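Here is target-v3.cif, consisting of mmCIF, C-alpha atoms:
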data_final
#
loop_
_atom_site.label_atom_id
_atom_site.label_comp_id
_atom_site.auth_asym_id
_atom_site.auth_seq_id
_atom_site.Cartn_x
_atom_site.Cartn_y
_atom_site.Cartn_z
CA MET R 94 0.00 0.00 0.00
CA LEU R 95 1.28 3.48 -0.87
CA TYR R 96 1.32 6.25 1.74
CA ASP R 97 2.08 9.92 1.26
CA VAL R 98 4.18 11.62 3.94
CA THR R 99 3.23 15.26 4.42
CA PHE R 100 5.00 18.11 6.20
CA PRO R 101 3.62 18.12 9.76
CA LYS R 102 2.78 20.95 12.13
CA LEU R 103 5.99 21.19 14.18
CA THR R 104 4.61 23.75 16.67
CA ALA R 105 1.60 26.06 16.81
CA LYS R 106 3.53 28.83 15.05
CA THR R 107 5.67 26.87 12.62
CA GLU R 108 4.22 27.24 9.16
CA LYS R 109 7.25 26.44 7.06
CA GLY R 110 10.75 25.02 7.10
CA MET R 111 13.52 24.27 4.65
CA LEU R 112 14.11 20.68 3.65
CA VAL R 113 17.86 20.56 4.25
CA SER R 114 18.56 16.87 3.68
CA TRP R 115 17.11 13.52 2.82
CA LEU R 116 18.30 10.74 5.11
CA LYS R 117 16.80 8.01 2.89
CA ASN R 118 17.04 7.83 -0.89
CA VAL R 119 14.39 6.56 -3.29
CA GLY R 120 14.59 2.77 -3.20
CA ASP R 121 15.85 2.62 0.41
CA PHE R 122 13.99 0.69 3.08
CA ILE R 123 13.00 2.71 6.13
CA GLU R 124 11.72 1.52 9.50
CA LYS R 125 8.86 3.37 11.19
CA ASP R 126 10.30 6.11 13.49
CA GLU R 127 13.63 6.23 11.61
CA VAL R 128 14.58 9.71 10.44
CA LEU R 129 13.43 10.30 6.84
CA TYR R 130 14.44 13.94 6.32
CA GLU R 131 15.63 17.06 8.12
CA VAL R 132 13.95 20.45 8.14
CA GLU R 133 15.47 23.70 9.35
CA THR R 134 13.27 26.32 11.01
CA ASP R 135 14.23 29.58 12.72
CA LYS R 136 14.95 27.80 15.98
CA ALA R 137 16.17 24.31 15.19
CA VAL R 138 16.91 21.50 12.78
CA HIS R 139 14.10 18.96 13.09
CA GLU R 140 14.83 15.34 12.33
CA ILE R 141 11.49 14.10 11.04
CA GLU R 142 10.73 10.47 11.72
CA CYS R 143 8.88 8.36 9.18
CA PRO R 144 5.39 7.27 10.24
CA TYR R 145 5.54 4.06 8.15
CA SER R 146 7.88 1.13 7.49
CA GLY R 147 8.53 0.41 3.84
CA ILE R 148 10.34 1.41 0.69
CA VAL R 149 10.80 5.08 -0.17
CA THR R 150 9.24 5.26 -3.63
CA LYS R 151 9.25 9.00 -4.23
CA HIS R 152 10.80 12.26 -3.03
CA TYR R 153 8.22 14.88 -3.89
CA GLN R 154 10.63 17.73 -3.09
CA PRO R 155 14.35 18.26 -3.62
CA GLU R 156 16.68 19.42 -0.86
CA GLY R 157 16.55 23.19 -0.49
CA THR R 158 12.77 23.40 -0.93
CA VAL R 159 10.78 25.47 1.56
CA LEU R 160 8.03 23.20 2.86
CA TYR R 161 4.66 24.49 4.05
CA LEU R 162 2.16 22.71 6.27
CA ASN R 163 0.72 19.56 4.66
CA ASP R 164 2.98 19.76 1.59
CA LEU R 165 3.66 16.35 0.09
CA VAL R 166 7.16 15.27 1.02
CA ALA R 167 7.63 11.59 0.20
CA GLN R 168 5.82 8.44 -0.76
CA ILE R 169 6.33 5.16 1.09
CA GLU R 170 5.27 1.71 -0.10
CA GLU R 171 4.42 -0.01 3.12
CA ALA R 172 6.16 -3.31 3.70
CA SER R 173 3.73 -6.21 3.56
CA LEU R 174 3.47 -8.20 6.80
CA MET X 11 24.93 29.36 12.12
CA THR X 12 22.96 26.40 10.71
CA GLN X 13 25.26 23.72 12.01
CA ILE X 14 24.96 24.77 15.62
CA LYS X 15 21.22 25.03 15.81
CA PRO X 16 19.83 22.35 18.13
CA ARG X 17 18.83 19.09 16.45
CA ILE X 18 15.45 17.80 17.52
CA ARG X 19 13.77 14.47 16.76
CA PHE X 20 10.16 14.82 15.68
CA ASN X 21 7.68 11.96 15.87
CA GLN X 22 4.49 13.05 14.19
CA GLN X 23 2.31 10.33 15.71
CA LYS X 24 3.26 11.13 19.31
CA VAL X 25 3.03 14.88 18.79
CA THR X 26 -0.39 14.46 17.19
CA GLN X 27 -1.57 12.35 20.14
CA MET X 28 -0.50 15.07 22.58
CA ASN X 29 -2.10 17.77 20.43
CA GLN X 30 -5.36 15.81 20.36
CA ILE X 31 -5.48 15.48 24.16
CA MET X 32 -4.86 19.22 24.53
CA SER X 33 -7.37 20.16 21.88
CA GLN X 34 -10.13 17.88 23.26
CA LEU X 35 -9.76 19.52 26.66
CA ALA X 36 -9.30 23.03 25.25
CA LEU X 37 -5.85 23.31 26.81
CA ASN X 38 -2.71 25.03 25.57
CA THR X 39 0.95 24.24 26.03
CA VAL X 40 3.76 26.74 26.09
CA CYS X 41 5.77 24.14 24.20
CA SER X 42 3.62 24.68 21.14
CA GLU X 43 2.68 28.34 21.55
CA ALA X 44 6.28 29.45 22.09
CA SER X 45 7.67 27.12 19.40
CA CYS X 46 9.92 25.33 21.88
CA PRO X 47 12.56 23.31 20.05
CA ASN X 48 12.30 20.56 22.70
CA LEU X 49 8.63 19.94 21.92
CA GLY X 50 9.28 16.78 19.93
CA GLU X 51 11.38 15.24 22.69
CA CYS X 52 9.06 16.19 25.54
CA TYR X 53 5.86 15.17 23.75
CA THR X 54 7.46 11.90 22.73
CA ASN X 55 8.26 11.29 26.41
CA GLY X 56 4.66 12.14 27.33
CA THR X 57 5.43 15.43 29.07
CA ALA X 58 4.29 18.97 28.38
CA THR X 59 4.11 22.33 30.10
CA PHE X 60 0.55 23.56 30.35
CA MET X 61 -0.08 27.23 29.63
CA ILE X 62 -3.23 28.52 31.30
CA LEU X 63 -5.27 31.72 30.91
CA GLY X 64 -5.36 31.57 27.12
CA LYS X 65 -2.74 31.75 24.43
CA HIS X 66 -2.59 35.51 24.04
CA CYS X 67 -0.28 37.52 26.30
CA SER X 68 -0.74 41.05 27.60
CA ARG X 69 3.00 41.66 27.25
CA ASN X 70 5.16 41.71 24.17
CA CYS X 71 8.60 40.60 25.33
CA ARG X 72 11.05 40.69 22.46
CA PHE X 73 12.43 37.19 23.00
CA CYS X 74 9.08 35.40 23.17
CA ASP X 75 6.97 33.82 20.42
CA VAL X 76 3.65 33.82 22.32
CA THR X 77 1.02 35.99 20.61
CA PHE X 78 0.60 39.52 22.01
CA GLY X 79 -2.77 41.16 22.69
CA HIS X 80 -6.44 40.25 22.02
CA MET X 81 -6.89 38.79 25.48
CA GLU X 82 -9.27 35.85 25.82
CA ALA X 83 -11.97 35.12 28.40
CA VAL X 84 -10.81 32.99 31.32
CA ASP X 85 -12.12 29.41 30.99
CA PRO X 86 -13.70 28.30 34.29
CA LEU X 87 -13.32 24.65 33.27
CA GLU X 88 -9.62 24.96 32.60
CA PRO X 89 -8.48 23.81 36.08
CA ILE X 90 -10.53 20.62 35.88
CA HIS X 91 -9.54 19.95 32.29
CA LEU X 92 -5.89 20.38 33.15
CA ALA X 93 -6.19 17.95 36.06
CA LYS X 94 -7.85 15.44 33.71
CA ALA X 95 -5.10 15.80 31.12
CA SER X 96 -2.46 15.34 33.79
CA GLN X 97 -4.14 12.13 34.90
CA GLN X 98 -4.53 10.93 31.32
CA LEU X 99 -0.86 11.54 30.64
CA GLU X 100 0.10 10.01 34.01
CA LEU X 101 2.32 12.98 34.82
CA GLY X 102 4.18 12.65 38.11
CA HIS X 103 5.43 16.22 37.84
CA VAL X 104 3.19 18.86 36.32
CA VAL X 105 4.45 22.23 35.18
CA ILE X 106 1.92 25.03 34.75
CA THR X 107 2.72 28.40 33.32
CA SER X 108 0.58 31.17 31.92
CA VAL X 109 0.56 34.14 29.68
CA ALA X 110 0.77 37.50 31.48
CA ARG X 111 -2.74 38.79 32.24
CA ASP X 112 -2.25 42.42 33.26
CA ASP X 113 -5.86 42.95 32.15
CA LEU X 114 -7.17 40.88 35.10
CA ALA X 115 -7.35 42.38 38.59
CA ASP X 116 -5.36 39.52 40.16
CA GLY X 117 -3.23 38.91 37.07
CA GLY X 118 -4.69 35.42 36.85
CA ALA X 119 -3.45 34.25 40.26
CA SER X 120 -6.82 32.79 41.25
CA GLN X 121 -6.83 30.61 38.12
CA PHE X 122 -3.41 29.27 39.13
CA ALA X 123 -4.74 28.56 42.64
CA LYS X 124 -7.84 26.78 41.31
CA THR X 125 -5.70 24.72 38.94
CA ILE X 126 -3.32 23.68 41.72
CA ALA X 127 -6.32 22.73 43.89
CA ALA X 128 -7.88 20.67 41.07
CA LEU X 129 -4.61 18.85 40.48
CA LYS X 130 -4.15 18.09 44.17
CA GLU X 131 -7.68 16.73 44.37
CA GLN X 132 -7.31 14.56 41.28
CA SER X 133 -3.74 13.33 41.86
CA PRO X 134 -2.57 14.06 45.41
CA ASP X 135 0.91 12.60 44.86
CA THR X 136 1.70 14.64 41.75
CA LYS X 137 4.40 17.25 42.19
CA ILE X 138 3.32 20.69 41.03
CA GLU X 139 5.58 23.38 39.63
CA VAL X 140 4.25 26.77 38.60
CA LEU X 141 6.10 29.21 36.38
CA ILE X 142 4.41 32.50 37.15
CA PRO X 143 4.42 36.01 35.69
CA ASP X 144 5.36 38.84 38.06
CA PHE X 145 1.70 39.76 38.77
CA LEU X 146 3.00 43.36 38.74
CA GLY X 147 4.50 42.52 42.12
CA ASN X 148 1.02 42.37 43.70
CA PRO X 149 1.42 40.63 47.10
CA ASP X 150 -2.24 39.54 47.15
CA SER X 151 -1.72 37.62 43.92
CA LEU X 152 1.52 36.10 45.16
CA ASP X 153 -0.22 35.08 48.40
CA GLN X 154 -2.85 33.20 46.40
CA ILE X 155 -0.12 31.19 44.71
CA ILE X 156 1.70 30.52 47.99
CA GLN X 157 -1.47 29.47 49.79
CA ALA X 158 -2.23 26.95 47.04
CA LYS X 159 1.04 25.22 48.07
CA PRO X 160 2.73 24.12 44.85
CA ASP X 161 6.05 22.30 45.30
CA ILE X 162 8.08 24.77 43.22
CA ILE X 163 7.42 28.39 42.31
CA ASN X 164 9.42 29.56 39.33
CA HIS X 165 9.64 33.09 38.08
CA ASN X 166 12.21 33.86 35.44
CA ILE X 167 14.45 36.90 35.46
CA GLU X 168 15.07 35.89 31.79
CA THR X 169 18.33 37.81 31.30
CA VAL X 170 20.99 39.83 33.09
CA ALA X 171 20.17 43.19 34.66
CA ARG X 172 21.60 45.36 31.87
CA LEU X 173 19.58 43.72 29.09
CA SER X 174 16.27 43.37 30.92
CA LYS X 175 14.80 46.61 29.65
CA GLN X 176 15.54 45.80 26.01
CA VAL X 177 14.46 42.16 26.16
CA ARG X 178 11.41 42.20 28.45
CA HIS X 179 8.20 44.23 28.26
CA ARG X 180 6.59 45.80 31.34
CA ALA X 181 8.81 43.65 33.56
CA THR X 182 11.92 44.67 35.43
CA TYR X 183 14.89 42.81 36.84
CA GLU X 184 14.34 44.38 40.25
CA ARG X 185 10.65 43.50 40.43
CA SER X 186 11.35 39.92 39.44
CA LEU X 187 13.93 39.65 42.22
CA SER X 188 11.51 41.16 44.70
CA VAL X 189 8.82 38.64 43.63
CA LEU X 190 11.26 35.79 44.28
CA HIS X 191 12.31 37.33 47.59
CA TYR X 192 8.70 37.71 48.70
CA ILE X 193 7.94 34.07 47.92
CA HIS X 194 11.08 32.87 49.68
CA THR X 195 10.38 34.86 52.84
CA GLN X 196 6.64 34.08 52.97
CA ALA X 197 7.01 30.40 52.08
CA PRO X 198 10.52 29.15 52.84
CA ASN X 199 9.29 25.54 52.50
CA ILE X 200 8.39 26.02 48.82
CA TYR X 201 11.31 25.77 46.41
CA THR X 202 11.97 28.87 44.33
CA LYS X 203 13.45 28.77 40.88
CA THR X 204 14.55 31.25 38.24
CA GLY X 205 16.44 31.21 35.00
CA ILE X 206 18.12 33.13 32.24
CA MET X 207 18.75 32.79 28.52
CA LEU X 208 22.23 33.16 27.06
CA GLY X 209 23.16 34.51 23.66
CA LEU X 210 21.58 37.95 24.07
CA GLY X 211 24.90 39.75 24.48
CA GLU X 212 25.50 39.25 28.18
CA THR X 213 29.00 38.99 29.68
CA LYS X 214 30.29 36.30 32.04
CA GLU X 215 30.51 38.86 34.83
CA GLU X 216 26.87 39.79 34.30
CA VAL X 217 25.80 36.13 34.38
CA GLU X 218 27.68 35.64 37.63
CA GLN X 219 26.03 38.76 39.03
CA ALA X 220 22.60 37.40 38.08
CA MET X 221 23.43 34.23 40.01
CA THR X 222 24.57 36.29 43.00
CA ASP X 223 21.39 38.36 42.88
CA ALA X 224 19.18 35.24 42.65
CA LEU X 225 20.95 33.60 45.58
CA ALA X 226 20.63 36.76 47.63
CA VAL X 227 16.83 36.58 47.38
CA GLY X 228 16.77 32.90 48.30
CA VAL X 229 16.45 31.15 44.93
CA ASP X 230 17.04 27.38 45.15
CA PHE X 231 17.15 26.26 41.50
CA PHE X 232 18.73 28.12 38.57
CA THR X 233 18.31 27.31 34.88
CA ILE X 234 20.42 28.50 31.97
CA GLY X 235 19.62 27.84 28.31
CA GLN X 236 20.44 29.12 24.86
CA TYR X 237 18.19 31.86 23.44
CA LEU X 238 16.82 30.99 20.02
CA GLN X 239 15.43 33.84 17.98
CA PRO X 240 11.86 32.94 16.97
CA SER X 241 11.88 35.17 13.87
CA SER X 242 13.61 38.17 12.35
CA ARG X 243 11.11 40.42 14.21
CA HIS X 244 12.38 39.24 17.59
CA TYR X 245 15.37 40.31 19.68
CA PRO X 246 18.49 39.54 17.65
CA LEU X 247 20.50 36.51 18.63
CA LYS X 248 24.04 37.65 19.41
CA GLU X 249 25.76 34.26 19.72
CA TYR X 250 25.43 30.54 20.18
CA VAL X 251 27.21 30.05 23.49
CA PRO X 252 29.59 27.05 23.47
CA ALA X 253 28.48 23.96 25.42
CA ASP X 254 31.63 24.17 27.57
CA THR X 255 30.62 27.64 28.75
CA PHE X 256 27.28 26.22 29.89
CA LYS X 257 29.22 23.56 31.84
CA ASP X 258 31.36 26.29 33.41
CA TYR X 259 28.20 28.11 34.51
CA TYR X 260 26.82 24.88 35.95
CA ARG X 261 29.93 24.45 38.08
CA LEU X 262 29.93 28.12 39.05
CA GLY X 263 26.26 28.04 40.08
CA MET X 264 26.66 24.91 42.15
CA ALA X 265 29.80 26.33 43.81
CA LYS X 266 27.98 29.55 44.60
CA GLY X 267 25.29 27.64 46.47
CA PHE X 268 22.23 26.79 44.36
CA LYS X 269 20.57 23.50 45.30
CA PHE X 270 20.33 22.61 41.62
CA VAL X 271 21.55 24.16 38.39
CA ALA X 272 20.45 23.07 34.92
CA SER X 273 22.75 24.57 32.31
CA SER X 274 22.98 23.49 28.70
CA PRO X 275 21.95 24.92 25.33
CA THR X 276 18.65 22.99 25.27
CA VAL X 277 17.59 23.81 28.84
CA ARG X 278 14.29 25.65 29.20
CA SER X 279 12.80 26.54 32.56
CA SER X 280 10.55 23.50 32.54
CA TYR X 281 12.70 21.12 30.50
CA ARG X 282 13.17 17.93 32.55
CA ALA X 283 11.80 19.91 35.48
CA LYS X 284 11.32 16.79 37.55
CA GLU X 285 15.09 16.41 37.84
CA ALA X 286 15.44 19.64 39.82
CA LEU X 287 13.13 18.31 42.49
CA THR X 288 14.57 14.82 42.63
CA LEU X 289 18.17 15.98 42.45
CA GLY X 290 17.81 19.27 44.35
CA GLY X 291 20.62 19.61 46.80
CA HIS X 292 22.70 17.03 44.96
CA SER X 293 25.14 17.25 42.14
CA ILE X 294 23.98 16.12 38.67
#
Can the structure in the file be given as structure tokens, please?
Amino acid sequence: MLYDVTFPKLTAKTEKGMLVSWLKNVGDFIEKDEVLYEVETDKAVHEIECPYSGIVTKHYQPEGTVLYLNDLVAQIEEASL
Amino acid sequence: MTQIKPRIRFNQQKVTQMNQIMSQLALNTVCSEASCPNLGECYTNGTATFMILGKHCSRNCRFCDVTFGHMEAVDPLEPIHLAKASQQLELGHVVITSVARDDLADGGASQFAKTIAALKEQSPDTKIEVLIPDFLGNPDSLDQIIQAKPDIINHNIETVARLSKQVRHRATYERSLSVLHYIHTQAPNIYTKTGIMLGLGETKEEVEQAMTDALAVGVDFFTIGQYLQPSSRHYPLKEYVPADTFKDYYRLGMAKGFKFVASSPTVRSSYRAKEALTLGGHSI
């Protein structure tokens, strides 16, 4: 099953952040709660954990993109049990 | 300065769970409203600092990301809701702070007192820490807090004396010290706590003087953390203070006589607050 990962609400005031690096490439396997990508905001660099286990099938955004709330970030094909 | 910004893990599922609990009970956290960088870690560990009396503040301090103005009505159910949330989250140590409410006659002190009472009724063994505004130095308001008997009363001086006027709004270094002194003298059995941010342009001598001043008014616990500028509209960040300097301040504070000092870039006044109470009087 395919799942889209979207840019989450980091805090009440955080509306955007820059995607500074991908920690998993397309084709890589990722475990749930492993870090998928990093986003820089005014205050910190947030290491965003992946909500699913599976294969990264798509990066919707390249590094350097400014992400806004609910932007599509990646697609994960969930590992079958 | 990218590489020295704090790195924070963010687990969307756990943060969403916490947000849902808060939203169902119409509660706010300072973690979220002030864009605390530790939010992901604390929420993941099932802890949060409640912020009562709304999410709009009557002061506009230049370091702070909480929204200024447009004050909200006080929610009479908030104390009970907060006690419920604390029970739901199984918090052994609850930290409650508030926005400043200079628009209310008691500055919101009675809401603090009601919240402490609700918590004590719901979970008698839970330790309660309050991080209060200065209540304009009003002794009646401070008495309400003291009589509610929290375990720790925290009031932050926020920065060194010289920078207070530029960084804070309608608050003064002297009044904050007098608030802490009043609490210490009226309730010597309640721990007092204060803290400062570094990176605003303070000198080492000024930091040491702030420690001396806090000790002189009877403060037990002292916290030191790195200031992070919320946006370009806020007070400009002057420097990221090296981690070793924070360690030096920890040693200095303990040597000067605080019961507990928390000093590192990620420290906030309520970050791992439980440790101050469990380790108070001992070295970390």
Interface residues on chain R facing chain X, 8 Å, all atoms listed in the file, written as a PDB file with C-alpha atoms, keeping the file's coordinate frame:
ATOM      1  CA  PRO R 101       3.620  18.120   9.760  1.00  0.00           C
ATOM      2  CA  LEU R 103       5.990  21.190  14.180  1.00  0.00           C
ATOM      3  CA  THR R 104       4.610  23.750  16.670  1.00  0.00           C
ATOM      4  CA  ALA R 105       1.600  26.060  16.810  1.00  0.00           C
ATOM      5  CA  LYS R 106       3.530  28.830  15.050  1.00  0.00           C
ATOM      6  CA  THR R 107       5.670  26.870  12.620  1.00  0.00           C
ATOM      7  CA  ASP R 126      10.300   6.110  13.490  1.00  0.00           C
ATOM      8  CA  VAL R 128      14.580   9.710  10.440  1.00  0.00           C
ATOM      9  CA  ASP R 135      14.230  29.580  12.720  1.00  0.00           C
ATOM     10  CA  LYS R 136      14.950  27.800  15.980  1.00  0.00           C
ATOM     11  CA  ALA R 137      16.170  24.310  15.190  1.00  0.00           C
ATOM     12  CA  VAL R 138      16.910  21.500  12.780  1.00  0.00           C
ATOM     13  CA  HIS R 139      14.100  18.960  13.090  1.00  0.00           C
ATOM     14  CA  GLU R 140      14.830  15.340  12.330  1.00  0.00           C
ATOM     15  CA  ILE R 141      11.490  14.100  11.040  1.00  0.00           C
ATOM     16  CA  GLU R 142      10.730  10.470  11.720  1.00  0.00           C
ATOM     17  CA  CYS R 143       8.880   8.360   9.180  1.00  0.00           C
ATOM     18  CA  PRO R 144       5.390   7.270  10.240  1.00  0.00           C
TER      19      PRO R 144
END
Around all the atoms of segment 85-94 of chain X listed in the file, with 5 Å of room on each side, what axis-aligned box do you get, giving centre and edge lengths in Å to one decimal, as AutoDock Vina command-line options?
--center_x -9.8 --center_y 22.4 --center_z 33.5 --size_x 17.8 --size_y 24.0 --size_z 15.1
### Query
Just how far from atom CA of Leu152 of chain X is atom CA of Asp85 of chain X, in Å to one decimal?
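Rounded to one decimal, the two atoms are 20.8 Å apart.
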### Contact residues around Ala119 of chain X with only C-alpha atoms at 7 Å, ignoring same-chain residues under 6 positions, as a VMD selection string
chain X and resid 151 154 to 155
As a check of understanding, name the residues that the PyMOL selection byres ((chain R and resi 159) around 7) selects in the supplied structure, as a PDB file with C-alpha atoms, in the frame of the given file.
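So the final result, stored in part.pdb, reads:
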ATOM      1  CA  LYS R 109       7.250  26.440   7.060  1.00  0.00           C
ATOM      2  CA  GLY R 110      10.750  25.020   7.100  1.00  0.00           C
ATOM      3  CA  MET R 111      13.520  24.270   4.650  1.00  0.00           C
ATOM      4  CA  LEU R 112      14.110  20.680   3.650  1.00  0.00           C
ATOM      5  CA  GLY R 157      16.550  23.190  -0.490  1.00  0.00           C
ATOM      6  CA  THR R 158      12.770  23.400  -0.930  1.00  0.00           C
ATOM      7  CA  LEU R 160       8.030  23.200   2.860  1.00  0.00           C
ATOM      8  CA  TYR R 161       4.660  24.490   4.050  1.00  0.00           C
TER       9      TYR R 161
END
Residues around (-2.3, 29.2, 33.0), cut-off 10 Å, counting all atoms listed in the file - what are they as a compact mmCIF listing (two decimals) with C-alpha atoms, in the coordinates of the input?
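The resulting file, part_12.txt, is reproduced below:
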# COMPACT_ATOMS: atom_id res chain seq x y z
CA LEU X 37 -5.85 23.31 26.81
CA ASN X 38 -2.71 25.03 25.57
CA THR X 39 0.95 24.24 26.03
CA VAL X 40 3.76 26.74 26.09
CA THR X 59 4.11 22.33 30.10
CA PHE X 60 0.55 23.56 30.35
CA MET X 61 -0.08 27.23 29.63
CA ILE X 62 -3.23 28.52 31.30
CA LEU X 63 -5.27 31.72 30.91
CA GLY X 64 -5.36 31.57 27.12
CA LYS X 65 -2.74 31.75 24.43
CA VAL X 84 -10.81 32.99 31.32
CA GLU X 88 -9.62 24.96 32.60
CA PRO X 89 -8.48 23.81 36.08
CA LEU X 92 -5.89 20.38 33.15
CA VAL X 105 4.45 22.23 35.18
CA ILE X 106 1.92 25.03 34.75
CA THR X 107 2.72 28.40 33.32
CA SER X 108 0.58 31.17 31.92
CA VAL X 109 0.56 34.14 29.68
CA ALA X 110 0.77 37.50 31.48
CA ARG X 111 -2.74 38.79 32.24
CA GLY X 118 -4.69 35.42 36.85
CA ALA X 119 -3.45 34.25 40.26
CA GLN X 121 -6.83 30.61 38.12
CA PHE X 122 -3.41 29.27 39.13
CA ALA X 123 -4.74 28.56 42.64
CA THR X 125 -5.70 24.72 38.94
CA VAL X 140 4.25 26.77 38.60
CA LEU X 141 6.10 29.21 36.38
CA ILE X 142 4.41 32.50 37.15
CA PRO X 143 4.42 36.01 35.69
### Message
Please expand the PyMOL selection byres ((chain X and resi 159) around 12) into the concrete residues it hits in this file, giving the result as a ChimeraX atom specification.
### Response
/X:122-127,129-130,137-140,152-158,160-163,193,196-201
### Task
Work out how far apart atom CA of Asp97 of chain R and atom CA of Ile169 of chain R are and give it in Å to one decimal.
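So the two atoms, atom CA of Asp97 of chain R and atom CA of Ile169 of chain R, lie 6.4 Å apart.
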### Task
Could you tell me which residues the PyMOL selection byres ((chain R and resi 115) around 7) grabs in this file, written as a PyMOL selection string?
chain R and resi 114+116-118+129-131+156
#### Entry: Length of the atom CA of Thr222 of chain X to atom CA of Asn70 of chain X vector [Å]
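Computing the Euclidean distance for atom CA of Thr222 of chain X and atom CA of Asn70 of chain X yields 27.6 Å.
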Can you fill out segment 119-130 of chain X with N, CA and C atoms and hand it back as an mmCIF file, in the coordinates of the input?
data_model
loop_
_atom_site.group_PDB
_atom_site.id
_atom_site.type_symbol
_atom_site.label_atom_id
_atom_site.label_comp_id
_atom_site.auth_asym_id
_atom_site.auth_seq_id
_atom_site.Cartn_x
_atom_site.Cartn_y
_atom_site.Cartn_z
ATOM 1 N N ALA X 119 -3.929 35.073 39.144
ATOM 2 C CA ALA X 119 -3.450 34.250 40.260
ATOM 3 C C ALA X 119 -4.507 33.264 40.745
ATOM 4 N N SER X 120 -5.779 33.698 40.754
ATOM 5 C CA SER X 120 -6.820 32.790 41.250
ATOM 6 C C SER X 120 -6.980 31.573 40.341
ATOM 7 N N GLN X 121 -6.747 31.754 39.047
ATOM 8 C CA GLN X 121 -6.830 30.610 38.120
ATOM 9 C C GLN X 121 -5.689 29.622 38.410
ATOM 10 N N PHE X 122 -4.516 30.145 38.718
ATOM 11 C CA PHE X 122 -3.410 29.270 39.130
ATOM 12 C C PHE X 122 -3.829 28.478 40.380
ATOM 13 N N ALA X 123 -4.384 29.205 41.364
ATOM 14 C CA ALA X 123 -4.740 28.560 42.640
ATOM 15 C C ALA X 123 -5.794 27.478 42.419
ATOM 16 N N LYS X 124 -6.788 27.779 41.581
ATOM 17 C CA LYS X 124 -7.840 26.780 41.310
ATOM 18 C C LYS X 124 -7.249 25.568 40.586
ATOM 19 N N THR X 125 -6.313 25.818 39.703
ATOM 20 C CA THR X 125 -5.700 24.720 38.940
ATOM 21 C C THR X 125 -4.867 23.838 39.866
ATOM 22 N N ILE X 126 -4.120 24.453 40.753
ATOM 23 C CA ILE X 126 -3.320 23.680 41.720
ATOM 24 C C ILE X 126 -4.260 22.835 42.592
ATOM 25 N N ALA X 127 -5.364 23.446 43.038
ATOM 26 C CA ALA X 127 -6.320 22.730 43.890
ATOM 27 C C ALA X 127 -6.934 21.547 43.132
ATOM 28 N N ALA X 128 -7.289 21.755 41.877
ATOM 29 C CA ALA X 128 -7.880 20.670 41.070
ATOM 30 C C ALA X 128 -6.896 19.528 40.883
ATOM 31 N N LEU X 129 -5.651 19.880 40.653
ATOM 32 C CA LEU X 129 -4.610 18.850 40.480
ATOM 33 C C LEU X 129 -4.422 18.053 41.763
ATOM 34 N N LYS X 130 -4.376 18.768 42.882
ATOM 35 C CA LYS X 130 -4.150 18.090 44.170
ATOM 36 C C LYS X 130 -5.317 17.142 44.482
#
